[in-house]
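Asks: Data file model31.txt (compact mmCIF, C-alpha atoms) is appended below.
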```txt
# COMPACT_ATOMS: atom_id res chain seq x y z
CA MET A 1 42.85 39.09 -39.41
CA LYS A 2 41.21 39.41 -42.79
CA VAL A 3 42.70 37.37 -45.63
CA GLY A 4 44.74 39.60 -47.89
CA GLU A 5 45.18 42.40 -45.33
CA ASN A 6 48.49 44.21 -45.83
CA ILE A 7 50.47 43.95 -42.58
CA SER A 8 53.94 43.77 -44.09
CA GLU A 9 56.46 45.70 -46.08
CA ILE A 10 54.88 44.56 -49.36
CA PRO A 11 54.22 47.80 -51.26
CA ASP A 12 50.71 48.59 -52.44
CA ILE A 13 50.11 48.05 -56.12
CA ASP A 14 48.36 50.48 -58.47
CA LEU A 15 45.17 48.48 -58.91
CA GLU A 16 43.83 50.31 -61.97
CA LYS A 17 47.17 50.23 -63.79
CA THR A 18 47.69 46.59 -62.87
CA LYS A 19 44.28 45.68 -64.22
CA THR A 20 44.95 47.59 -67.45
CA ASP A 21 48.36 45.97 -67.88
CA ILE A 22 46.96 42.46 -67.43
CA VAL A 23 44.09 43.13 -69.83
CA ASP A 24 46.56 44.45 -72.43
CA PHE A 25 48.79 41.42 -71.83
CA ILE A 26 45.93 39.01 -72.54
CA LYS A 27 44.94 40.94 -75.67
CA SER A 28 48.50 40.82 -76.99
CA LYS A 29 48.89 37.09 -76.39
CA VAL A 30 45.68 36.28 -78.24
CA SER A 31 46.66 38.59 -81.09
CA GLU A 32 50.23 37.27 -81.34
CA SER A 33 49.07 33.65 -81.42
CA LYS A 34 46.35 34.36 -83.98
CA THR A 35 43.86 32.49 -81.82
CA ASN A 36 40.20 33.30 -81.30
CA GLY A 37 39.85 33.61 -77.56
CA ILE A 38 40.55 32.26 -74.08
CA VAL A 39 39.60 29.10 -72.18
CA VAL A 40 39.49 29.33 -68.37
CA GLY A 41 38.92 26.50 -65.93
CA LEU A 42 36.38 27.81 -63.40
CA SER A 43 36.99 26.28 -59.98
CA GLY A 44 34.72 28.66 -58.12
CA GLY A 45 37.71 30.22 -56.35
CA ILE A 46 39.05 33.75 -56.45
CA ASP A 47 42.00 33.06 -58.78
CA SER A 48 39.97 31.56 -61.62
CA THR A 49 37.16 34.08 -61.10
CA LEU A 50 39.52 37.06 -61.30
CA THR A 51 41.18 35.55 -64.38
CA ALA A 52 37.79 35.13 -66.07
CA TYR A 53 36.85 38.75 -65.31
CA LEU A 54 40.14 39.99 -66.78
CA ALA A 55 39.81 37.75 -69.84
CA CYS A 56 36.33 39.09 -70.56
CA GLU A 57 37.60 42.66 -70.36
CA ALA A 58 40.44 41.76 -72.70
CA VAL A 59 38.69 39.87 -75.49
CA GLY A 60 34.98 40.14 -74.74
CA SER A 61 32.76 37.59 -73.03
CA GLU A 62 31.79 36.12 -76.40
CA ASN A 63 35.42 35.03 -76.85
CA VAL A 64 35.89 33.45 -73.42
CA PHE A 65 34.95 29.84 -72.72
CA GLY A 66 34.62 28.49 -69.18
CA ILE A 67 34.87 24.90 -67.98
CA VAL A 68 33.63 23.64 -64.60
CA LEU A 69 35.17 20.25 -63.80
CA PRO A 70 33.97 18.95 -60.42
CA SER A 71 34.81 15.66 -58.77
CA SER A 72 33.29 13.90 -55.77
CA THR A 73 35.65 15.85 -53.47
CA THR A 74 34.78 19.26 -54.92
CA PRO A 75 32.78 21.31 -52.40
CA ALA A 76 29.26 21.72 -53.78
CA GLU A 77 29.34 25.50 -53.45
CA ASP A 78 32.51 25.68 -55.57
CA THR A 79 30.74 23.93 -58.45
CA VAL A 80 27.77 26.27 -58.04
CA HIS A 81 30.03 29.33 -57.90
CA GLY A 82 31.93 28.27 -61.04
CA ALA A 83 28.70 28.02 -63.03
CA GLU A 84 27.29 31.22 -61.54
CA ILE A 85 30.41 33.18 -62.54
CA ALA A 86 30.10 31.92 -66.13
CA LYS A 87 26.46 33.02 -66.24
CA LYS A 88 27.21 36.36 -64.57
CA LEU A 89 29.91 37.14 -67.13
CA GLY A 90 27.79 35.88 -70.02
CA ILE A 91 30.35 33.37 -71.23
CA ASP A 92 29.65 30.01 -72.81
CA TYR A 93 30.66 27.15 -70.53
CA ARG A 94 30.48 23.41 -69.96
CA GLN A 95 30.23 21.46 -66.72
CA ILE A 96 31.79 18.00 -66.87
CA ALA A 97 32.20 15.71 -63.85
CA ILE A 98 35.58 13.96 -63.99
CA ASP A 99 34.86 11.05 -61.62
CA GLY A 100 34.06 8.62 -64.45
CA ILE A 101 37.45 9.19 -66.10
CA LEU A 102 39.25 9.16 -62.75
CA ASN A 103 37.62 5.99 -61.45
CA GLU A 104 38.17 4.10 -64.69
CA PHE A 105 41.87 4.87 -64.47
CA LEU A 106 42.15 3.97 -60.77
CA LEU A 107 40.27 0.72 -61.32
CA LYS A 108 42.71 -0.38 -64.01
CA THR A 109 45.86 0.57 -62.05
CA GLN A 110 44.92 -1.60 -59.04
CA LEU A 111 47.29 0.41 -56.84
CA GLU A 112 46.86 1.42 -53.22
CA GLU A 113 45.13 4.81 -53.07
CA ASN A 114 47.33 7.85 -52.45
CA ASP A 115 45.64 11.22 -51.84
CA LEU A 116 48.45 13.29 -53.33
CA ALA A 117 48.81 11.15 -56.44
CA ILE A 118 45.04 11.11 -56.98
CA GLY A 119 44.85 14.87 -56.44
CA ASN A 120 47.54 15.44 -59.07
CA LEU A 121 45.77 13.03 -61.42
CA LYS A 122 42.57 15.06 -61.08
CA ALA A 123 44.46 18.23 -62.03
CA ARG A 124 45.95 16.52 -65.08
CA ILE A 125 42.59 15.12 -66.20
CA ARG A 126 41.11 18.59 -65.94
CA MET A 127 43.90 20.14 -67.98
CA SER A 128 43.52 17.50 -70.71
CA ILE A 129 39.83 18.38 -71.02
CA ILE A 130 40.56 22.11 -70.98
CA TYR A 131 43.14 21.73 -73.76
CA TYR A 132 40.72 19.64 -75.82
CA PHE A 133 38.26 22.54 -75.87
CA ALA A 134 41.07 25.04 -76.51
CA ASN A 135 42.31 23.03 -79.51
CA HIS A 136 38.79 22.57 -80.82
CA LYS A 137 37.99 26.28 -80.62
CA ASN A 138 41.47 27.61 -81.53
CA TYR A 139 41.66 29.34 -78.12
CA LEU A 140 44.53 29.82 -75.69
CA VAL A 141 44.42 28.28 -72.24
CA SER A 142 44.71 30.82 -69.49
CA GLY A 143 46.37 29.68 -66.29
CA THR A 144 45.00 30.91 -62.99
CA GLY A 145 48.14 30.66 -60.83
CA ASN A 146 49.26 33.49 -58.58
CA LYS A 147 52.83 34.41 -57.61
CA SER A 148 52.60 32.92 -54.12
CA GLU A 149 51.62 29.49 -55.40
CA ILE A 150 53.97 29.56 -58.38
CA LEU A 151 56.98 30.37 -56.16
CA ILE A 152 56.35 27.52 -53.72
CA GLY A 153 55.25 25.08 -56.41
CA TYR A 154 51.72 24.81 -55.09
CA PHE A 155 50.33 23.50 -58.35
CA THR A 156 50.42 20.27 -60.31
CA LYS A 157 53.12 20.02 -62.94
CA HIS A 158 51.43 19.36 -66.30
CA GLY A 159 48.12 19.87 -64.50
CA ASP A 160 46.85 23.28 -63.41
CA GLY A 161 50.39 24.51 -64.08
CA ALA A 162 50.00 23.72 -67.79
CA CYS A 163 48.77 26.75 -69.71
CA ASP A 164 49.60 29.24 -72.44
CA MET A 165 49.79 32.28 -70.16
CA GLU A 166 49.57 33.22 -66.47
CA PRO A 167 47.77 36.59 -66.35
CA ILE A 168 47.82 36.91 -62.53
CA GLY A 169 51.17 35.15 -62.11
CA ASP A 170 52.95 38.27 -60.80
CA LEU A 171 50.35 38.92 -58.10
CA TYR A 172 50.85 37.59 -54.60
CA LYS A 173 47.70 35.98 -53.20
CA SER A 174 47.05 39.01 -50.99
CA GLU A 175 47.21 41.18 -54.12
CA VAL A 176 44.77 38.85 -55.89
CA PHE A 177 42.26 39.53 -53.10
CA LYS A 178 42.79 43.28 -53.41
CA LEU A 179 42.39 43.32 -57.20
CA GLY A 180 39.38 41.02 -56.91
CA GLU A 181 37.69 43.38 -54.46
CA TYR A 182 38.61 46.34 -56.69
CA MET A 183 37.01 44.68 -59.71
CA GLY A 184 33.84 43.88 -57.82
CA LEU A 185 34.05 40.10 -57.59
CA PRO A 186 31.14 38.58 -55.65
CA GLU A 187 31.68 38.73 -51.88
CA GLU A 188 31.08 35.00 -51.45
CA ILE A 189 34.03 34.34 -53.78
CA VAL A 190 36.37 36.81 -52.07
CA THR A 191 35.60 35.65 -48.52
CA LYS A 192 35.62 31.90 -49.19
CA PRO A 193 38.67 29.97 -47.86
CA PRO A 194 41.03 29.07 -50.74
CA ARG A 195 40.87 25.35 -51.53
CA ALA A 196 41.52 23.06 -54.47
CA GLY A 197 39.04 20.36 -53.43
CA LEU A 198 41.49 17.60 -54.32
CA TRP A 199 40.41 15.56 -51.30
CA LYS A 200 37.76 15.88 -48.61
CA GLY A 201 38.33 18.81 -46.25
CA GLN A 202 41.38 20.11 -48.12
CA THR A 203 42.26 23.80 -47.76
CA ASP A 204 45.23 25.60 -49.30
CA GLU A 205 46.48 27.18 -46.09
CA ALA A 206 46.35 23.92 -44.11
CA GLU A 207 48.26 22.13 -46.85
CA ILE A 208 50.86 24.90 -47.21
CA GLY A 209 51.33 25.06 -43.44
CA MET A 210 50.51 28.73 -42.85
CA GLY A 211 48.14 31.50 -43.90
CA TYR A 212 48.61 33.41 -47.14
CA ASP A 213 49.23 36.70 -45.30
CA LEU A 214 52.37 35.34 -43.62
CA LEU A 215 53.38 33.32 -46.68
CA ASP A 216 53.30 36.43 -48.86
CA GLN A 217 55.43 38.38 -46.43
CA ILE A 218 58.07 35.66 -46.34
CA LEU A 219 58.08 35.28 -50.12
CA TYR A 220 58.30 39.03 -50.71
CA LEU A 221 61.26 39.45 -48.37
CA TYR A 222 62.99 36.36 -49.80
CA ALA A 223 62.23 36.64 -53.53
CA ASP A 224 61.88 40.41 -54.01
CA LYS A 225 64.17 41.80 -51.30
CA ASP A 226 66.73 38.96 -51.30
CA MET A 227 66.81 38.76 -47.52
CA LYS A 228 68.33 35.82 -45.60
CA ASN A 229 66.25 33.46 -43.51
CA THR A 230 67.38 34.88 -40.18
CA GLU A 231 66.70 38.44 -41.34
CA ILE A 232 63.20 37.48 -42.45
CA ALA A 233 62.49 35.71 -39.16
CA ASP A 234 63.66 38.72 -37.16
CA LYS A 235 61.70 41.19 -39.25
CA LEU A 236 58.46 39.20 -39.05
CA ASN A 237 59.01 37.97 -35.49
CA ILE A 238 58.59 34.33 -36.44
CA SER A 239 60.76 31.23 -36.14
CA VAL A 240 63.55 30.52 -38.59
CA ASP A 241 61.99 27.07 -39.04
CA ASP A 242 58.86 28.66 -40.53
CA VAL A 243 60.97 30.69 -42.95
CA ASP A 244 63.11 27.68 -43.88
CA MET A 245 59.98 25.63 -44.56
CA ILE A 246 58.88 28.12 -47.23
CA ILE A 247 62.35 28.63 -48.70
CA THR A 248 62.70 24.86 -49.02
CA LYS A 249 59.40 24.71 -50.92
CA VAL A 250 60.68 27.40 -53.31
CA ILE A 251 63.96 25.61 -53.97
CA ARG A 252 62.47 22.14 -54.33
CA SER A 253 59.79 23.27 -56.76
CA GLU A 254 61.97 25.29 -59.14
CA HIS A 255 61.87 22.42 -61.66
CA LYS A 256 58.11 22.87 -62.02
CA SER A 257 58.52 26.23 -63.75
CA LYS A 258 61.29 25.20 -66.13
CA VAL A 259 61.17 23.47 -69.48
CA PRO A 260 62.68 19.95 -69.36
CA GLU A 261 66.45 20.13 -69.37
CA ILE A 262 68.38 18.73 -72.33
CA PRO A 263 71.96 17.43 -72.15
CA LEU A 264 74.18 18.88 -74.88
CA LYS A 265 75.61 16.58 -77.51
CA THR A 266 79.32 16.46 -78.26
CA ILE A 267 80.47 17.58 -81.71
CA LEU A 268 83.50 15.87 -83.23
```
Any chance you could give the structure as structure tokens?

Replies:
Amino acid sequence: MKVGENISEIPDIDLEKTKTDIVDFIKSKVSESKTNGIVVGLSGGIDSTLTAYLACEAVGSENVFGIVLPSSTTPAEDTVHGAEIAKKLGIDYRQIAIDGILNEFLLKTQLEENDLAIGNLKARIRMSIIYYFANHKNYLVSGTGNKSEILIGYFTKHGDGACDMEPIGDLYKSEVFKLGEYMGLPEEIVTKPPRAGLWKGQTDEAEIGMGYDLLDQILYLYADKDMKNTEIADKLNISVDDVDMIITKVIRSEHKSKVPEIPLKTIL
């Protein structure tokens, strides 16, 4: 089955109107903030590529800045694709390897290596660099998260989840593929397996525990249609355990999308 194929009850979106709405959204955020443009981290994947395309339509390629931030675990073709997208769109960009910063930190901590902790550290190093350029240029940082990943918390808090806006944040991953195809993104970007490259051999779907097609169906029925776990399992002909696994991810990651909570003081 092709990634992004609609096999569920998820309604089709109006691709042209959706594109226009996102472009207008980006324009308004830049205007409201009185900033000069947009910074986008270019991972070489479909989410960041689609975001860059939309940003260029919104504010012009001359006002979009791309950053390619590979590490030793980044697939070589992802680094190449990130740079190629910047050149294709005609945007200024920088490529900065983060291994020096990462290794210096790990050397000083003298802790046993932990793939998840190191992966999250990479995301936070990247966001620090991205925000440096944004501050320097008086630009906003555009996030590249989609609705599927935001709902299940598949992002690093204060890492790739740190941004000033999430232009594609209401699009399920399957809808990202559809809008990407509609906007003419390069085929090698659209057909490449989603991956963050946080450790060797990492892929999104293996880490999540299922493909995005099924994930999107579960999330739509749970988050948009407010269906119970047993109803979702029956409708999709899957086990309740699979549904519960995703619902648990949603519940446990809710803190990632909230501002830090503050206890109220008592007035005498």

Asks: Using all atoms listed in the file, which protein or nucleic acid residues come within 10 Å of Glu231 in chain A? Drop anything in the same chain fewer than 4 positions from it, and give the result as a short mmCIF file (atom, residue, chain, number, x, y, z; two decimals) with C-alpha atoms, keeping the file's coordinate frame.

Replies:
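Output (around05.cif):
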```cif
data_model
loop_
_atom_site.label_atom_id
_atom_site.label_comp_id
_atom_site.auth_asym_id
_atom_site.auth_seq_id
_atom_site.Cartn_x
_atom_site.Cartn_y
_atom_site.Cartn_z
CA LEU A 221 61.26 39.45 -48.37
CA TYR A 222 62.99 36.36 -49.80
CA ASP A 226 66.73 38.96 -51.30
CA MET A 227 66.81 38.76 -47.52
CA LYS A 235 61.70 41.19 -39.25
CA LEU A 236 58.46 39.20 -39.05
CA ASN A 237 59.01 37.97 -35.49
CA VAL A 240 63.55 30.52 -38.59
CA VAL A 243 60.97 30.69 -42.95
#
```

Asks: Find the residue from A:Phe25, A:Trp199, A:Tyr53, A:Tyr220 that sits nearest to Glu113 in chain A; use all atoms listed in the file when measuring.

Replies: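 Counting all atoms listed in the file, the residue closest to Glu113 in chain A is A:Trp199.
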
Asks: So how many Å separate CA of Met183 in chain A and CA of Asp47 in chain A, to one decimal?

Replies: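 Distance reported for this atom pair: 12.7 Å.
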
Asks: Tell me, as a list of chain:residue names, which residues lie within 7 Å of range 37-40 of chain A, counting all atoms listed in the file; anything in the same chain fewer than 3 positions away does not count.

Replies: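 Answer for this query is A:Val30, A:Ala52, A:Ala55, A:Val59, A:Asn63, A:Val64, A:Phe65, A:Gly66, A:Ile67, A:Ala134, A:Tyr139, A:Leu140, A:Val141, A:Ser142.
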
Asks: Emit the selected residues as a short mmCIF file (atom, residue, chain, number, x, y, z; two decimals), keeping the file's coordinate frame, including C-alpha atoms.

Replies:
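As a result, out-v5.cif now contains:
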```
data_model
loop_
_atom_site.label_atom_id
_atom_site.label_comp_id
_atom_site.auth_asym_id
_atom_site.auth_seq_id
_atom_site.Cartn_x
_atom_site.Cartn_y
_atom_site.Cartn_z
CA VAL A 30 45.68 36.28 -78.24
CA ALA A 52 37.79 35.13 -66.07
CA ALA A 55 39.81 37.75 -69.84
CA VAL A 59 38.69 39.87 -75.49
CA ASN A 63 35.42 35.03 -76.85
CA VAL A 64 35.89 33.45 -73.42
CA PHE A 65 34.95 29.84 -72.72
CA GLY A 66 34.62 28.49 -69.18
CA ILE A 67 34.87 24.90 -67.98
CA ALA A 134 41.07 25.04 -76.51
CA TYR A 139 41.66 29.34 -78.12
CA LEU A 140 44.53 29.82 -75.69
CA VAL A 141 44.42 28.28 -72.24
CA SER A 142 44.71 30.82 -69.49
#
```

Asks: Which value, in Å to one decimal, gives the distance between CA of Asp160 in chain A and CA of Ile13 in chain A?

Replies: 26.0 Å

Asks: Between CA of Asp164 in chain A and CA of Val190 in chain A, what is the distance in Å, rounded to a tenth?

Replies: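 We find that CA of Asp164 in chain A and CA of Val190 in chain A lie 25.4 Å from each other.
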
Asks: Out of A:Glu261, A:Glu181, A:Asp170, A:Asp99, which residue has the shortest atom-to-atom distance to Ala223 in chain A when counting all atoms listed in the file?

Replies: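 Between A:Glu261, A:Glu181, A:Asp170, A:Asp99, the residue approaching Ala223 in chain A most closely is A:Asp170.
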
Asks: May I have the residues within 12 Å of Leu219 in chain A as JSON, numbers by chain, using all atoms listed in the file and disregarding those fewer than 4 positions away in the same chain?

Replies: {"A": [8, 9, 10, 147, 148, 149, 150, 151, 152, 171, 172, 173, 174, 212, 213, 214, 215, 223, 224, 225, 226, 227, 228, 229, 232, 233, 236, 242, 243, 244, 245, 246, 247, 248, 249, 250, 251]}

Asks: Please check which residues have atoms at most 12 Å from (46.1, 11.6, -57.7) in the file's coordinates, counting only C-alpha atoms, and write them as a PyMOL selection string.

Replies: chain A and resi 99+102-103+105-106+109+111-126+156+159+198-199

Asks: Here's a test: counting all atoms listed in the file, identify every protein, DNA and RNA residue with an atom at most 6 Å from (32.2, 37.3, -69.8) in the file's coordinate frame, and state them as an MDAnalysis selection string.

Replies: chainID A and resid 56 61 89:91

Asks: Nearest to Val80 in chain A: which of A:Met210, A:Leu264, A:Asn138, A:Gly44 is it, counting all atoms listed in the file?

Replies: A:Gly44

Asks: I need the residue nearest His81 in chain A from this list: A:Asn135, A:Ser31, A:Glu166, A:Ser43. Use all atoms listed in the file for the distance.

Replies: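 Smallest distance to His81 in chain A is found for A:Ser43.
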
Asks: Compare A:Ala97, A:Ile267, A:Ile130, A:Ile189 by their minimum atom-to-atom distance to Ala162 in chain A, counting only C-alpha atoms, and give me the closest one.

Replies: A:Ile130

Asks: Which of these, A:Lys178, A:Lys265, A:Lys200, A:Lys19, has the shortest distance to Ser71 in chain A once you count only C-alpha atoms?

Replies: A:Lys200
